[in-house]
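Okay, so here's the structure we're looking at.
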Amino acid sequence: MTSHDIQAVVHADVLAAADRLGTWPVRTPLLNSPALDAVCGGRVWLKPENLQLTGSFKFRGAMNRLLAIPPEGRRGGVVAYSSGNHAQGVARAAKLLGMPALIVMPSDAPRLKVERTRADGAEVVFYDRLTEARETIAAGHAEARGALIVPPFADPLIIAGQGTAGLEAVQDLAAKGETADLALTCCGGGGLSGGFAAGSQLPLVVVEPQGYDDVCQSLAAGHIIPVHNPGPTRCDALQTLCMAEITFATLVHHGATGVAVSEAEVARAVAFAFRELKLVVEPGGAVTLAALLAGRVDVRGKTVIATLSGGNIDAAVLVDCLTEAGAF
C-alpha cells in the first residue's frame, strides 16, 4: 500500500473529532505580539498549545482516540510510545477515562516529561532509541495486556483530534473579523501539521529542526524520505526519523510545504517567547516562532496563524536557551 492508496484526513474528520471531544481540551487563545509583527513584517496570531492540558497539543489527539474506543473495549487499556508529549497526553486521557496506560519512552527523554507521565498514573518502560525499536516493544506489551496501541501520529483519529487546534484558530480569528493567509505548524511526524491543515483549510508550512527535516524533504521530493543519525537536538519532541504514510498523504492532499530551522534559531525563539510573549515554550514547540524570527518564511503583509505546540521544557534547557540567545 502506498500513500496514494491511503485516505487523507479532511475537514469533515476534524469536525467529527471536535464533536467527540466537546469541552475536554482547553480552547487555547489566539495571541498577537506587536514585537513579533514588527520583526517579521506581517500580522501573526499565535496558537499557544503550551497552555493545553498536559502542556501540549497532544492531549487533543490522544483523547479523541481513546473516546472512540467503546466502553466495553477499554478494559485492557492502552499502550503508547513517545519521547514525552504524546506520553503525557495519552496518560492524562487514560486517567480521565479510567483506563490503564503503559508508555514506552526513550531512556534520554526529558525528566520533566517522564515525571508528569508517571504522575498521571501511567507505567513507563524505557528503551534505547539508538538500538531498540519502540514499536516492537510496545506491540509486545499490548499483546500481553490485551491493550490498544495508540501511536503518536500514524492514526486518522489522532490526526483529526490534533486538527481541532486549527479549527479553533480559524473560528476564533473569524470572530475577530480577520482571516489568515497561511498557517505554520511545528512538525515531528506530521500529526499536528496534517490535522491543522485539514482543520484550518489554510495553506500550510511545516517547520522542523535541521537534521530532522524528513517531512520537508519528503514533501519536496514527492515521496517519503527518512533521515538517518541526525545527532542531538534540543527539539526532543520533533526527533522523528520518518513520517507515516497517512501523515504524508494528508499533507500532500492539503498542499503543504516545509522549512527547517537551526538550533541557534530555536534557542532565540525560546528566549523571545520568554522575554517578549511571557510564555514558556519548549524548543520543539518554538520552531514556528524560530522560522518567523529568522525570516525562513516570508510573511510580509500577510496574516499568519502559527502554533506554539508545547511548553514541557526542563529548567536547565530553558536556561541554556536564554543564555545562548543573550537573554541574560
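All residue names refer to the C-alpha cells as shown: chains lettered A, B, ... in order, residues numbered from 1 in each chain, ligands numbered from 1 in order.
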task = Quick one: everything within 7 Å of region 21-35 of chain A, counting only C-alpha atoms, minus sequence neighbours fewer than 5 positions away in the same chain. Send it as a list in words.
result =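 After dropping sequence-adjacent residues, the list is Val44, Trp45, Leu46, Lys47, Pro48, Glu49, Leu51, Gln52, Leu53, Arg60, Asn64, Ala169 and Leu277 of chain A.
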Write the residues of the preceding selection, restricted to N, CA and C atoms, as a compact mmCIF listing (two decimals), in the first residue's frame.
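Okay, selection14.txt is ready:
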```txt
# COMPACT_ATOMS: atom_id res chain seq x y z
N VAL A 44 0.85 38.26 12.96
CA VAL A 44 0.95 36.87 13.39
C VAL A 44 0.05 36.61 14.58
N TRP A 45 -0.77 35.58 14.45
CA TRP A 45 -1.59 35.11 15.56
C TRP A 45 -1.04 33.77 16.03
N LEU A 46 -0.61 33.72 17.27
CA LEU A 46 -0.03 32.51 17.84
C LEU A 46 -1.10 31.67 18.51
N LYS A 47 -1.07 30.36 18.27
CA LYS A 47 -1.97 29.41 18.92
C LYS A 47 -1.14 28.67 19.97
N PRO A 48 -1.20 29.11 21.25
CA PRO A 48 -0.29 28.58 22.28
C PRO A 48 -0.78 27.27 22.91
N GLU A 49 -0.47 26.17 22.23
CA GLU A 49 -0.86 24.87 22.76
C GLU A 49 0.01 24.44 23.94
N LEU A 51 -0.32 25.91 26.50
CA LEU A 51 -1.31 26.14 27.55
C LEU A 51 -2.39 25.06 27.58
N GLN A 52 -2.26 24.06 26.69
CA GLN A 52 -3.21 22.95 26.64
C GLN A 52 -3.00 22.02 27.84
N LEU A 53 -3.99 21.19 28.15
CA LEU A 53 -3.82 20.17 29.18
C LEU A 53 -2.58 19.34 28.85
N ARG A 60 -5.19 16.52 22.61
CA ARG A 60 -6.33 16.52 21.70
C ARG A 60 -6.46 15.18 20.96
N ASN A 64 -9.18 12.11 21.65
CA ASN A 64 -10.08 11.74 20.56
C ASN A 64 -9.99 10.25 20.27
N ALA A 169 -8.62 27.82 15.73
CA ALA A 169 -7.87 29.01 15.37
C ALA A 169 -8.59 29.84 14.32
N LEU A 277 6.84 37.41 24.92
CA LEU A 277 5.48 36.88 24.97
C LEU A 277 5.06 36.46 26.38
```
Residues of region 102-205 of chain A that have any atom at most 10 Å from an atom of region 219-239 of chain A: could you tabulate them with the shortest-distance atom pair and the distance in Å to one decimal, using only C-alpha atoms, ordered by chain and increasing number, as a Markdown table?
```
| residue | atom | partner | partner_atom | distance |
| --- | --- | --- | --- | --- |
| A:Asp108 | CA | A:Asp236 | CA | 9.3 |
| A:Ala109 | CA | A:Asp236 | CA | 7.6 |
| A:Pro110 | CA | A:Asp236 | CA | 8.0 |
| A:Leu130 | CA | A:Asn229 | CA | 8.6 |
| A:Cys186 | CA | A:Leu238 | CA | 8.1 |
| A:Cys187 | CA | A:Leu238 | CA | 6.4 |
| A:Gly188 | CA | A:Leu238 | CA | 4.0 |
| A:Gly189 | CA | A:Leu238 | CA | 7.4 |
| A:Gly190 | CA | A:Leu238 | CA | 9.5 |
```
inquiry  = Residues within 9 Å of region 249-255 of chain A, please, as a list in words. Count only C-alpha atoms; anything in the same chain fewer than 3 positions from it doesn't count.
reply    = Thr2, Ser3, His4, Asp5, Ile6, Gln7, Ala8, Val9, Val10, Gly190, Ser193, Gly194, Gly195, Ala197, Ala198, Gln201, Leu202, Pro203, Leu204, Leu219, Gly222, Ala244, Glu245 and Ile246 of chain A
Those same residues, written as a JSON list (two decimals), in the first residue's frame with C-alpha atoms?
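Saved result, out.json, follows:
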```
[["chain", "number", "residue", "atom", "x", "y", "z"],
["A", 2, "THR", "CA", 1.30, 3.46, -0.88],
["A", 3, "SER", "CA", 0.35, 6.93, 0.30],
["A", 4, "HIS", "CA", -1.76, 7.22, -2.86],
["A", 5, "ASP", "CA", -3.95, 4.40, -1.55],
["A", 6, "ILE", "CA", -4.40, 5.93, 1.91],
["A", 7, "GLN", "CA", -7.27, 8.30, 2.54],
["A", 8, "ALA", "CA", -6.12, 11.69, 3.78],
["A", 9, "VAL", "CA", -7.63, 13.27, 6.87],
["A", 10, "VAL", "CA", -10.00, 16.01, 5.73],
["A", 190, "GLY", "CA", 3.18, 15.36, 10.87],
["A", 193, "SER", "CA", 0.52, 19.56, 10.75],
["A", 194, "GLY", "CA", -1.82, 17.30, 8.79],
["A", 195, "GLY", "CA", -4.63, 17.87, 11.23],
["A", 197, "ALA", "CA", -4.18, 21.78, 7.50],
["A", 198, "ALA", "CA", -7.45, 19.83, 7.47],
["A", 201, "GLN", "CA", -8.20, 24.72, 5.46],
["A", 202, "LEU", "CA", -5.30, 27.16, 5.10],
["A", 203, "PRO", "CA", -2.10, 26.85, 3.05],
["A", 204, "LEU", "CA", 0.36, 25.25, 5.43],
["A", 219, "LEU", "CA", 7.16, 16.90, 0.63],
["A", 222, "GLY", "CA", 7.02, 13.72, -3.56],
["A", 244, "ALA", "CA", 3.92, 7.84, 8.29],
["A", 245, "GLU", "CA", 2.07, 7.12, 5.06],
["A", 246, "ILE", "CA", -1.10, 8.70, 6.42]]
```
request  = Select from region 3-221 of chain A everything DSSP, run on the backbone, classes as strand (DSSP E or B), then give the selection as a PyMOL selection string.
outcome  = chain A and resi 31-32+43-48+56+78-81+101-106+123-127+148-150+182-186+204-209
